[in-house]
Amino acid sequence: MKKLNFGILGTGWIANEMADTLARSGDANLYAVASRETARAKAFAARYGIRKAYGSDAELLADPDVDVVYVASPHSRHAEQMLACLDAGKHILCEKAFTVTAKQAREVLARAREKKRVVAEAIWPRYMPMAKTIRDFCASDRIGRVYAVYCNLGYPVAGVPRLREPELAGGALLDVGVYTLNFAALVLGGEVTGFTSSAVKNELGVDTQGSIALTYSDGRMATLLYSVLGTTDRLGVIYGEKGYALVENINNFESLRAYDDDYNLIERVERPPQVTGYEYEVRAITEAILSGASECPDMPHAETIRIMELMDGIRHSWGLWYPGEKTE
Ligand SMILES: NC(=O)c1ccc[n+]([C@@H]2O[C@H](COP(=O)([O-])OP(=O)(O)OC[C@H]3O[C@@H](n4cnc5c(N)ncnc54)[C@H](OP(=O)(O)O)[C@@H]3O)[C@@H](O)[C@H]2O)c1
């Protein structure tokens, strides 16, 4: 497959992970990086052998040799940066949560259609080969009709500014809860008919942990727990009428182990060898761009919007509105 030139906006944690992934996988040319500080961009570029280091988004976006922009900034900046990328004619791979609100997501994706550029949400598990393994397993009837799902995700990151502060659209739901919603979606699909949710907030008013119960049109359910207060076991459980399956690490799938209704192990699948797991979303957007597609089939725009709408509803149910959201 032809390699595209990637430019990264941001030099933080995930920007380093992606730069390392691209350097090791060779799936794309990591061509440019932009930081709010030229010195930080230069240091980042030197670390990964990147040709162009820019001290602003605008300079990177003005570079005609950048094909795809990887947005690796706090959630609060995603929408404005994506709109600027599209106006500069760039394709985009944007970190989760895609935007702060569903309204922003709809605006960005409408602009992408208008400008005929590919935009994909970098919600990495959705692009992994194990996502297909899990979907196929659920359809296989090995554990009978799937009627419920449970999963959790948590890390001890409550003190990190971009997770603590309302102005940066902090909070556990947009950062880690989004993975639990995506795991439920992978297994049970999108026909959510209702939810209940509760959350605990920090002193600045954003959520530090929460739980969500989703109900689906045909009586199926998902129960989700997420937190930025500490480490959880990252387990996903798929419950079927003839058994159950444990998915190790819903954030970066490691294995699926299925048991029958007598608790006997009946199937075990390990994930295939990978670089870091981030290479799959890079391959997916590259393939979409080169084939002339308008989106990535593994994470269609309608699914990004549906999950953003769910997160809006969940947040509002516990009274969390981000700065400026009500006047948007
Ligand atoms: N897929 C995953 O596994 C994964 C893991 C972690 C995070 N993420 C996602 O990746 C994104 C970034 O997270 P991160 O953990 O990498 O964050 P981070 O370490 O705080 O880095 C964010 C970077 O964004 C840039 N930035 C631009 N405007 C900013 C502002 N107003 N305040 C602070 N930084 C600003 C900064 O780069 P400069 O200072 O150089 O401008 C900063 O280094 C988020 O959307 C997050 O949800 C994904």
# chains A, B, ... in the order shown; residues from 1 in each chain; ligands from 1

call {"tool": "closest_atom_pairs", "arguments": {"of": "chain A", "to": "ligand 1", "cutoff": "8 Å", "atoms": "only C-alpha atoms and all ligand atoms", "output": "JSON lines"}}
result
{"residue": "A:Leu9", "atom": "CA", "partner": "ligand 1", "partner_atom_place_in_ligand_line": "25 (C)", "distance": 6.9}
{"residue": "A:Gly10", "atom": "CA", "partner": "ligand 1", "partner_atom_place_in_ligand_line": "37 (O)", "distance": 3.6}
{"residue": "A:Thr11", "atom": "CA", "partner": "ligand 1", "partner_atom_place_in_ligand_line": "40 (O)", "distance": 4.2}
{"residue": "A:Gly12", "atom": "CA", "partner": "ligand 1", "partner_atom_place_in_ligand_line": "43 (O)", "distance": 3.2}
{"residue": "A:Trp13", "atom": "CA", "partner": "ligand 1", "partner_atom_place_in_ligand_line": "16 (O)", "distance": 3.7}
{"residue": "A:Ile14", "atom": "CA", "partner": "ligand 1", "partner_atom_place_in_ligand_line": "16 (O)", "distance": 3.8}
{"residue": "A:Ala15", "atom": "CA", "partner": "ligand 1", "partner_atom_place_in_ligand_line": "16 (O)", "distance": 5.7}
{"residue": "A:Asn16", "atom": "CA", "partner": "ligand 1", "partner_atom_place_in_ligand_line": "16 (O)", "distance": 7.7}
{"residue": "A:Ala34", "atom": "CA", "partner": "ligand 1", "partner_atom_place_in_ligand_line": "40 (O)", "distance": 6.7}
{"residue": "A:Ser35", "atom": "CA", "partner": "ligand 1", "partner_atom_place_in_ligand_line": "40 (O)", "distance": 3.5}
{"residue": "A:Arg36", "atom": "CA", "partner": "ligand 1", "partner_atom_place_in_ligand_line": "41 (O)", "distance": 3.8}
{"residue": "A:Glu37", "atom": "CA", "partner": "ligand 1", "partner_atom_place_in_ligand_line": "40 (O)", "distance": 6.1}
{"residue": "A:Arg40", "atom": "CA", "partner": "ligand 1", "partner_atom_place_in_ligand_line": "40 (O)", "distance": 5.7}
{"residue": "A:Ala41", "atom": "CA", "partner": "ligand 1", "partner_atom_place_in_ligand_line": "40 (O)", "distance": 6.3}
{"residue": "A:Ser56", "atom": "CA", "partner": "ligand 1", "partner_atom_place_in_ligand_line": "41 (O)", "distance": 8.0}
{"residue": "A:Val71", "atom": "CA", "partner": "ligand 1", "partner_atom_place_in_ligand_line": "11 (C)", "distance": 7.4}
{"residue": "A:Ala72", "atom": "CA", "partner": "ligand 1", "partner_atom_place_in_ligand_line": "11 (C)", "distance": 4.5}
{"residue": "A:Ser73", "atom": "CA", "partner": "ligand 1", "partner_atom_place_in_ligand_line": "24 (O)", "distance": 3.4}
{"residue": "A:Pro74", "atom": "CA", "partner": "ligand 1", "partner_atom_place_in_ligand_line": "44 (C)", "distance": 4.7}
{"residue": "A:His75", "atom": "CA", "partner": "ligand 1", "partner_atom_place_in_ligand_line": "45 (O)", "distance": 4.9}
{"residue": "A:Ser76", "atom": "CA", "partner": "ligand 1", "partner_atom_place_in_ligand_line": "31 (N)", "distance": 7.6}
{"residue": "A:Arg77", "atom": "CA", "partner": "ligand 1", "partner_atom_place_in_ligand_line": "28 (N)", "distance": 6.3}
{"residue": "A:His78", "atom": "CA", "partner": "ligand 1", "partner_atom_place_in_ligand_line": "45 (O)", "distance": 7.5}
{"residue": "A:Cys94", "atom": "CA", "partner": "ligand 1", "partner_atom_place_in_ligand_line": "45 (O)", "distance": 7.6}
{"residue": "A:Glu95", "atom": "CA", "partner": "ligand 1", "partner_atom_place_in_ligand_line": "45 (O)", "distance": 4.6}
{"residue": "A:Lys96", "atom": "CA", "partner": "ligand 1", "partner_atom_place_in_ligand_line": "45 (O)", "distance": 4.8}
{"residue": "A:Ala97", "atom": "CA", "partner": "ligand 1", "partner_atom_place_in_ligand_line": "45 (O)", "distance": 5.6}
{"residue": "A:Phe98", "atom": "CA", "partner": "ligand 1", "partner_atom_place_in_ligand_line": "45 (O)", "distance": 7.3}
{"residue": "A:Ala122", "atom": "CA", "partner": "ligand 1", "partner_atom_place_in_ligand_line": "1 (N)", "distance": 6.5}
{"residue": "A:Ile123", "atom": "CA", "partner": "ligand 1", "partner_atom_place_in_ligand_line": "1 (N)", "distance": 6.0}
{"residue": "A:Trp124", "atom": "CA", "partner": "ligand 1", "partner_atom_place_in_ligand_line": "1 (N)", "distance": 5.8}
{"residue": "A:Val160", "atom": "CA", "partner": "ligand 1", "partner_atom_place_in_ligand_line": "20 (O)", "distance": 7.5}
{"residue": "A:Pro161", "atom": "CA", "partner": "ligand 1", "partner_atom_place_in_ligand_line": "20 (O)", "distance": 7.3}
{"residue": "A:Arg162", "atom": "CA", "partner": "ligand 1", "partner_atom_place_in_ligand_line": "20 (O)", "distance": 5.8}
{"residue": "A:Leu168", "atom": "CA", "partner": "ligand 1", "partner_atom_place_in_ligand_line": "31 (N)", "distance": 6.7}
{"residue": "A:Leu174", "atom": "CA", "partner": "ligand 1", "partner_atom_place_in_ligand_line": "47 (O)", "distance": 7.2}
{"residue": "A:Asp175", "atom": "CA", "partner": "ligand 1", "partner_atom_place_in_ligand_line": "47 (O)", "distance": 4.9}
{"residue": "A:Val176", "atom": "CA", "partner": "ligand 1", "partner_atom_place_in_ligand_line": "47 (O)", "distance": 7.8}
{"residue": "A:Asn251", "atom": "CA", "partner": "ligand 1", "partner_atom_place_in_ligand_line": "3 (O)", "distance": 7.3}
{"residue": "A:Tyr278", "atom": "CA", "partner": "ligand 1", "partner_atom_place_in_ligand_line": "1 (N)", "distance": 7.5}

call {"tool": "closest_atom_pairs", "arguments": {"of": "stretch 97-130 of chain A", "to": "stretch 296-309 of chain A", "cutoff": "7 Å", "atoms": "only C-alpha atoms", "output": "tab-separated table"}}
result
residue	atom	partner	partner_atom	distance
A:Thr101	CA	A:Met308	CA	6.1
A:Ala102	CA	A:Met308	CA	4.8
A:Ala105	CA	A:Ile305	CA	6.3
A:Arg106	CA	A:Ile305	CA	6.7
A:Ala120	CA	A:Cys296	CA	6.5
A:Arg126	CA	A:Asp298	CA	6.1
A:Tyr127	CA	A:Asp298	CA	5.8

call {"tool": "write_last_selection", "arguments": {"atoms": "N, CA and C atoms", "output": "mmCIF file, in the first residue's frame"}}
result
data_model
loop_
_atom_site.group_PDB
_atom_site.id
_atom_site.type_symbol
_atom_site.label_atom_id
_atom_site.label_comp_id
_atom_site.auth_asym_id
_atom_site.auth_seq_id
_atom_site.Cartn_x
_atom_site.Cartn_y
_atom_site.Cartn_z
ATOM 1 N N THR A 101 -18.976 17.421 22.092
ATOM 2 C CA THR A 101 -20.431 17.214 21.976
ATOM 3 C C THR A 101 -20.771 16.601 20.616
ATOM 4 N N ALA A 102 -21.974 16.027 20.551
ATOM 5 C CA ALA A 102 -22.451 15.468 19.285
ATOM 6 C C ALA A 102 -22.653 16.573 18.249
ATOM 7 N N ALA A 105 -19.506 17.123 16.569
ATOM 8 C CA ALA A 105 -19.180 15.985 15.690
ATOM 9 C C ALA A 105 -19.954 16.105 14.376
ATOM 10 N N ARG A 106 -21.234 16.472 14.473
ATOM 11 C CA ARG A 106 -22.046 16.604 13.248
ATOM 12 C C ARG A 106 -21.487 17.714 12.354
ATOM 13 N N ALA A 120 -11.611 10.107 10.378
ATOM 14 C CA ALA A 120 -11.848 8.885 11.154
ATOM 15 C C ALA A 120 -11.543 9.140 12.620
ATOM 16 N N ARG A 126 -11.643 -0.469 17.748
ATOM 17 C CA ARG A 126 -12.619 -0.740 16.684
ATOM 18 C C ARG A 126 -11.944 -1.211 15.392
ATOM 19 N N TYR A 127 -10.646 -0.895 15.220
ATOM 20 C CA TYR A 127 -9.943 -1.234 13.982
ATOM 21 C C TYR A 127 -9.107 -2.510 14.116
#

call {"tool": "select_by_dssp", "arguments": {"residues": "stretch 211-326 of chain A", "states": "strand (DSSP E)", "output": "PyMOL selection string"}}
result
chain A and resi 211-216+221-227+236-240+243-248+255-260+265-270

call {"tool": "atom_distance", "arguments": {"atom1": "atom CA of A:Asn202", "atom2": "atom CA of A:Lys326"}}
result
20.7 Å

call {"tool": "residues_around", "arguments": {"residues": "A:Thr286", "least_positions_apart": "2", "cutoff": "12 Å", "atoms": "only C-alpha atoms", "output": "ChimeraX atom specification"}}
result
/A:1-6,27-29,67-69,91-93,117-120,279-284,288-296
